Amino acid sequence: MRRRVVILALVALAIAAVWLARRAGPHIAPGSALVLDLEGEYVEAQEVPIFARVLGQRGHPFAGLLSELAKVERDDRIATVVLRVGALGVGWGKAQEIRSAIARLRERGRKVVAHLEVERYGANLEYYVACAADEVYLAPATRTPFAGLAAEYFFLGGFWEKLGVEIEVERIGAYKSATEVYAGKEMSGPHREMADAILDSIESQFVAAVAEGRGLTATQVRAIIDQAPATAQEIAAAGLADGVGHYDELVEKLGKPPIVKGEDYAAVDAGSLGFDPKARLALVYGSGAVVQGEGSITRSGEPVLASRTVAEALLDAAKDPEIDAILFRIDSPGGSALAADHVWQAARKARESGKPLIVSFSDVAASGGYYVAAGADAIVADPATLTGSIGVFVLRPVVAGLLEKLGIGVAALTRGAHADLYLASRPLSPGSRERLRADVEGIYDLFVSRVAEGRKLETEAVDAVGRGRVWTGEQALERGLVDTLGGLRVAAVEARKKLGLDPEADVALVPYPPPKPLAVQIQEVLRGTLAGDPLAALGLPASLQSALELLAALPEGSPLLVPPALVEIR
């Protein structure tokens with residue numbers, strides 16, 4: 001009997017030891033160097049759906065990266081963090097959040113070293129992230145001409161004209177120039193004014209960050225940009241890097257510390273580092289085009305802000321007694337007006353539950369992406385987040401010319417004064433055009449009223465910063481469209497304040513809705529296609545491809561809440 005008790009006790013001790021070892025994660029020696037790969041796509045989602053990966057998506061959850069960096073802040077066993085920076089599929093907003101996380105590591109006494117391993121031209125964003133480190137090293141074959149920033153806009157009006165297709169347009173606001181991408185032939189004056197202002201804002205943030213990171217003045221940085229250093233040696237000679245060498249040479253330079261790989265460090269439990277949450281915050285994602293219905297990914301595997309799915313997540317979180325506040329993380333260029341209003345209503349009801357609702361903008365929260373956030377307790381945006389674009393437009397293709405070119409006859413019969421709204425074979429009558437215009441104006445007035453109510457502004461003030469104009473986060477702050485600058489971490493601080501907690505108190509982020517079972521993911525994909533993205537095969541520029549993908553995902557012939565252009569600054 002005693003022997004059996006001893007055996008059971010030993011088994012129990014063994015189980016406990018295994019459990020404690022797993023909880024603590026891998027053995028990490030004091031003075032270790034953690035090596036993290038920073039490359040690829042980072043998405044605003046709790047996980048990249050399995051079948052999205054099958055369709056070629058190789059993204060990583062962005063919150064997961066921030067969580068790993070936050071763990072290192074607490075882990076005194078890690079003396080050095082080596083960031084191997086490759087080609088990054090993020091915008092300037094996410095890049096700023098990575099830079100902020102690097103700054104916090106340095107404040108906690110961690111030495112951060114970046115090894116830049118990029119071969120594409122225009123790797124400004126990757127360098128922008130890397131120069132937040134204590135030291136920057138370049139792989140010998142790196143060629144990233146440091147030649148400033150550029151944004152490119154395409155206009156398809158002439159293309160449709162050659163096909164015999166006329167695009168009828170109704171829009172509110174001179175800056176709602178999204179229609180120019182699809183129906184125009186050149187950039188209008190207001191569009192150029194807005195595009196220049198956005199580029200100026202991002203450029204000033206970029207130059208200031210490089211100057212701070214490398215101990216230079218803004219004037220010196222701009223002079224280096226004009227020299228356009230291209231090779232790794234030229235970049236280092238200009239003072240933008242501390243040396244050139246391969247990764248293994250860098251490890252030697254660091255004194256060959258014990259190396260911990262990022263995938264191994266992921267097994268370290270935050271609880272073993274003293275993480276003790278005082279509140280639970282629901283993390284609701286609103287990523288991708290705003291569309292009606294349910295779902296989480298498009299046919300090509302990209303995230304989608306489906307109105308019913310996101311609305312239910314907000315309301316479920318509001319009703320959950322274990323949830324103390326809600327973080328609504330938005331990375332969306334907008335889309336359907338009806339879907340946006342559905343999510344706005346759910347956000348308002350969630351806020352009325354008494355739980356704080358804090359919105360965090362990622363790379364973009366424009367038009368419908370801004371609409372859904374308007375009723376929150378507070379809005380937090382990164383300085384470079386593309387924000388606002390309060391405006392509406394309708395595109396209506398008229399294919400009479402194309403049908404004639406193809407030798408296709410058509411007969412159109414109508415009943416009702418404005419039934420020609422449903423036809424694609426002829427232009428609208430003056431009366432129907434006026435009817436469509438009134439519809440667009442009605443949606444715009446509703447949009448303005450939602451923002452005015454949520455932001456506690458006069459409708460005239462909202463209209464003055466609306467009319468389709470896109471702002472960066474820092475510009476939006478000056479105009480009352482956001483409350484605070486920062487990323488997801490700052491949004492969590494705002495939630496703590498609303499709850500009366502210490503701004504640095506530990507909180508747990510709980511994804512809403514919870515991860516979907518594999519069977520549901522398969523069902524979602526089969527509703528679309530397993531063939532992948534047909535536009536990708538055309539080799540179109542990324543910004544134009546994204547604009548066409550967005551338009552294809554949205555309802556035809558109805559008012560749309562989409563920004564003037566999907567800006568890609570490189």
# chains A, B, ... in the order shown; residues from 1 in each chain; ligands from 1
call {"tool": "select_by_dssp", "arguments": {"residues": "stretch 334-468 of chain A", "states": "alpha helix (DSSP H)", "output": "PyMOL selection string"}}
result
chain A and resi 337-352+368-371+400-405+430-455+459-465
call {"tool": "closest_atom_pairs", "arguments": {"of": "stretch 88-152 of chain A", "to": "stretch 229-248 of chain A", "cutoff": "8 Å", "atoms": "only C-alpha atoms", "output": "Markdown table"}}
result
| residue | atom | partner | partner_atom | distance |
| --- | --- | --- | --- | --- |
| A:His115 | CA | A:Tyr247 | CA | 7.0 |
| A:Cys131 | CA | A:Leu240 | CA | 7.9 |
| A:Glu135 | CA | A:Asp242 | CA | 6.1 |
| A:Val136 | CA | A:Ala241 | CA | 4.9 |
| A:Tyr137 | CA | A:Gly243 | CA | 5.0 |
| A:Leu138 | CA | A:Val244 | CA | 4.8 |
| A:Ala139 | CA | A:Gly245 | CA | 5.2 |
| A:Pro140 | CA | A:Gly245 | CA | 5.6 |
| A:Ala141 | CA | A:Ala232 | CA | 6.9 |
| A:Thr142 | CA | A:Ala232 | CA | 5.6 |
| A:Arg143 | CA | A:Thr231 | CA | 5.0 |
| A:Thr144 | CA | A:Ala230 | CA | 5.6 |
| A:Pro145 | CA | A:Ala230 | CA | 3.9 |
| A:Phe146 | CA | A:Pro229 | CA | 5.5 |
| A:Ala147 | CA | A:Pro229 | CA | 7.4 |
call {"tool": "write_last_selection", "arguments": {"atoms": "C-alpha atoms", "output": "mmCIF file, in the first residue's frame"}}
result
data_model
loop_
_atom_site.group_PDB
_atom_site.id
_atom_site.type_symbol
_atom_site.label_atom_id
_atom_site.label_comp_id
_atom_site.auth_asym_id
_atom_site.auth_seq_id
_atom_site.Cartn_x
_atom_site.Cartn_y
_atom_site.Cartn_z
ATOM 1 C CA HIS A 115 19.774 43.170 -39.323
ATOM 2 C CA CYS A 131 16.269 52.359 -37.380
ATOM 3 C CA GLU A 135 22.148 49.446 -33.914
ATOM 4 C CA VAL A 136 21.409 48.710 -37.560
ATOM 5 C CA TYR A 137 23.407 46.296 -39.729
ATOM 6 C CA LEU A 138 22.892 45.471 -43.378
ATOM 7 C CA ALA A 139 23.335 42.187 -45.194
ATOM 8 C CA PRO A 140 26.145 42.667 -47.785
ATOM 9 C CA ALA A 141 23.907 42.121 -50.818
ATOM 10 C CA THR A 142 21.215 44.487 -49.551
ATOM 11 C CA ARG A 143 20.288 47.064 -52.180
ATOM 12 C CA THR A 144 17.640 49.471 -50.934
ATOM 13 C CA PRO A 145 18.089 52.874 -52.601
ATOM 14 C CA PHE A 146 17.357 55.466 -49.959
ATOM 15 C CA ALA A 147 15.685 57.863 -52.366
#
call {"tool": "atom_distance", "arguments": {"atom1": "atom CA of A:Leu125", "atom2": "atom CA of A:Val85"}}
result
10.5 Å
call {"tool": "select_by_dssp", "arguments": {"residues": "stretch 198-421 of chain A", "states": "strand (DSSP E)", "output": "ChimeraX atom specification"}}
result
/A:243-244,259-261,279-287,289-291,304-306,325-332,335-336,357-366,378-381,386-388,392-398
call {"tool": "closest_residue", "arguments": {"among": "A:Ile98, A:Leu395, A:Ala123, A:Ala381", "to": "A:Leu551", "atoms": "only C-alpha atoms"}}
result
A:Leu395
call {"tool": "closest_residue", "arguments": {"among": "A:Trp92, A:Asp196, A:Arg308, A:Leu544", "to": "A:Phe155", "atoms": "only C-alpha atoms"}}
result
A:Leu544
call {"tool": "residues_around", "arguments": {"residues": "stretch 77-84 of chain A", "least_positions_apart": "3", "cutoff": "6 Å", "atoms": "only C-alpha atoms", "output": "list in words"}}
result
Pro30, Gly31, Ser32, Ala33, Leu34, Val35, Leu36, Asp37, Leu38, Arg110, Lys111, Val112, Val113, Ala114 and His115 of chain A
call {"tool": "write_last_selection", "arguments": {"atoms": "N, CA and C atoms", "output": "compact mmCIF listing (two decimals), in the first residue's frame"}}
result
# COMPACT_ATOMS: atom_id res chain seq x y z
N PRO A 30 20.44 33.30 -18.60
CA PRO A 30 20.60 34.75 -18.43
C PRO A 30 21.57 35.30 -19.48
N GLY A 31 21.25 36.49 -19.98
CA GLY A 31 22.11 37.11 -20.99
C GLY A 31 21.87 36.61 -22.40
N SER A 32 20.74 35.93 -22.62
CA SER A 32 20.45 35.37 -23.94
C SER A 32 20.09 36.46 -24.96
N ALA A 33 20.23 36.09 -26.22
CA ALA A 33 19.80 36.95 -27.33
C ALA A 33 18.61 36.28 -28.02
N LEU A 34 17.50 37.00 -28.08
CA LEU A 34 16.31 36.51 -28.77
C LEU A 34 16.36 36.96 -30.22
N VAL A 35 16.19 36.04 -31.14
CA VAL A 35 16.21 36.35 -32.58
C VAL A 35 14.79 36.25 -33.12
N LEU A 36 14.27 37.36 -33.61
CA LEU A 36 12.92 37.40 -34.15
C LEU A 36 12.98 37.77 -35.63
N ASP A 37 12.24 37.03 -36.45
CA ASP A 37 12.12 37.36 -37.87
C ASP A 37 10.96 38.33 -38.05
N LEU A 38 11.25 39.48 -38.63
CA LEU A 38 10.21 40.46 -38.95
C LEU A 38 10.10 40.52 -40.47
N ARG A 110 16.78 46.41 -22.71
CA ARG A 110 17.15 45.42 -23.71
C ARG A 110 17.91 46.11 -24.85
N LYS A 111 19.00 45.54 -25.26
CA LYS A 111 19.69 46.04 -26.44
C LYS A 111 19.00 45.48 -27.67
N VAL A 112 18.63 46.34 -28.60
CA VAL A 112 17.93 45.90 -29.81
C VAL A 112 18.83 46.16 -31.01
N VAL A 113 19.07 45.10 -31.78
CA VAL A 113 19.92 45.19 -32.97
C VAL A 113 19.09 44.73 -34.17
N ALA A 114 19.08 45.53 -35.22
CA ALA A 114 18.34 45.17 -36.43
C ALA A 114 19.31 44.74 -37.52
N HIS A 115 18.99 43.63 -38.17
CA HIS A 115 19.77 43.17 -39.32
C HIS A 115 18.86 43.23 -40.53
call {"tool": "closest_residue", "arguments": {"among": "A:Ala289, A:Leu428, A:Leu315, A:Ala412", "to": "A:Ala340", "atoms": "only C-alpha atoms"}}
result
A:Ala289
call {"tool": "atom_distance", "arguments": {"atom1": "atom CA of A:Ile202", "atom2": "atom CA of A:Gly335"}}
result
24.5 Å
call {"tool": "closest_atom_pairs", "arguments": {"of": "stretch 33-132 of chain A", "to": "stretch 506-513 of chain A", "cutoff": "10 Å", "atoms": "only C-alpha atoms", "output": "CSV"}}
result
residue,atom,partner,partner_atom,distance
A:Ala45,CA,A:Pro511,CA,8.8
A:Gln46,CA,A:Pro511,CA,6.4
A:Glu47,CA,A:Pro511,CA,9.8
A:Ala63,CA,A:Leu509,CA,9.6
A:Ser67,CA,A:Leu509,CA,10.0
call {"tool": "write_last_selection", "arguments": {"atoms": "C-alpha atoms", "output": "PDB file, in the first residue's frame"}}
result
ATOM      1  CA  ALA A  45      -7.063  39.119 -37.212  1.00  0.00           C
ATOM      2  CA  GLN A  46      -6.852  36.666 -34.327  1.00  0.00           C
ATOM      3  CA  GLU A  47      -5.363  34.107 -36.694  1.00  0.00           C
ATOM      4  CA  ALA A  63      -1.379  41.377 -32.157  1.00  0.00           C
ATOM      5  CA  SER A  67       2.376  40.276 -27.517  1.00  0.00           C
TER       6      SER A  67
END
call {"tool": "decode", "arguments": {"residues": "stretch 464-486 of chain A", "atoms": "N, CA and C atoms", "output": "short mmCIF file (atom, residue, chain, number, x, y, z; two decimals), in the first residue's frame"}}
result
data_model
loop_
_atom_site.label_atom_id
_atom_site.label_comp_id
_atom_site.auth_asym_id
_atom_site.auth_seq_id
_atom_site.Cartn_x
_atom_site.Cartn_y
_atom_site.Cartn_z
N ALA A 464 -17.01 70.21 -42.85
CA ALA A 464 -15.81 70.96 -43.22
C ALA A 464 -14.59 70.06 -43.34
N VAL A 465 -14.52 68.99 -42.52
CA VAL A 465 -13.38 68.06 -42.60
C VAL A 465 -13.75 66.79 -43.35
N GLY A 466 -14.99 66.78 -43.87
CA GLY A 466 -15.48 65.63 -44.62
C GLY A 466 -15.31 65.84 -46.12
N ARG A 467 -16.43 65.74 -46.85
CA ARG A 467 -16.40 65.90 -48.30
C ARG A 467 -15.42 64.95 -48.97
N GLY A 468 -15.23 63.79 -48.31
CA GLY A 468 -14.40 62.75 -48.90
C GLY A 468 -12.93 62.83 -48.60
N ARG A 469 -12.49 63.86 -47.85
CA ARG A 469 -11.05 64.05 -47.66
C ARG A 469 -10.45 63.05 -46.67
N VAL A 470 -9.31 62.48 -47.05
CA VAL A 470 -8.56 61.57 -46.20
C VAL A 470 -7.48 62.36 -45.47
N TRP A 471 -7.29 62.05 -44.18
CA TRP A 471 -6.26 62.67 -43.36
C TRP A 471 -5.35 61.59 -42.80
N THR A 472 -4.15 61.96 -42.43
CA THR A 472 -3.34 61.05 -41.62
C THR A 472 -3.82 61.16 -40.18
N GLY A 473 -3.40 60.21 -39.33
CA GLY A 473 -3.83 60.24 -37.95
C GLY A 473 -3.47 61.53 -37.24
N GLU A 474 -2.25 62.05 -37.48
CA GLU A 474 -1.84 63.28 -36.80
C GLU A 474 -2.67 64.46 -37.29
N GLN A 475 -3.05 64.48 -38.57
CA GLN A 475 -3.92 65.53 -39.08
C GLN A 475 -5.34 65.39 -38.52
N ALA A 476 -5.80 64.13 -38.40
CA ALA A 476 -7.15 63.87 -37.88
C ALA A 476 -7.27 64.29 -36.43
N LEU A 477 -6.20 64.13 -35.64
CA LEU A 477 -6.22 64.56 -34.24
C LEU A 477 -6.44 66.06 -34.14
N GLU A 478 -5.79 66.82 -35.00
CA GLU A 478 -5.93 68.28 -34.98
C GLU A 478 -7.35 68.71 -35.33
N ARG A 479 -8.09 67.85 -36.03
CA ARG A 479 -9.43 68.20 -36.51
C ARG A 479 -10.54 67.51 -35.73
N GLY A 480 -10.20 66.88 -34.63
CA GLY A 480 -11.20 66.30 -33.76
C GLY A 480 -11.77 64.97 -34.19
N LEU A 481 -11.15 64.34 -35.19
CA LEU A 481 -11.67 63.06 -35.66
C LEU A 481 -11.16 61.88 -34.85
N VAL A 482 -10.07 62.05 -34.13
CA VAL A 482 -9.58 61.03 -33.20
C VAL A 482 -9.20 61.72 -31.89
N ASP A 483 -9.03 60.92 -30.84
CA ASP A 483 -8.77 61.47 -29.51
C ASP A 483 -7.31 61.41 -29.09
N THR A 484 -6.62 60.36 -29.50
CA THR A 484 -5.25 60.12 -29.04
C THR A 484 -4.47 59.44 -30.14
N LEU A 485 -3.16 59.72 -30.18
CA LEU A 485 -2.28 59.05 -31.13
C LEU A 485 -1.62 57.86 -30.46
N GLY A 486 -1.53 56.75 -31.18
CA GLY A 486 -0.91 55.55 -30.65
C GLY A 486 -1.51 54.32 -31.28
#
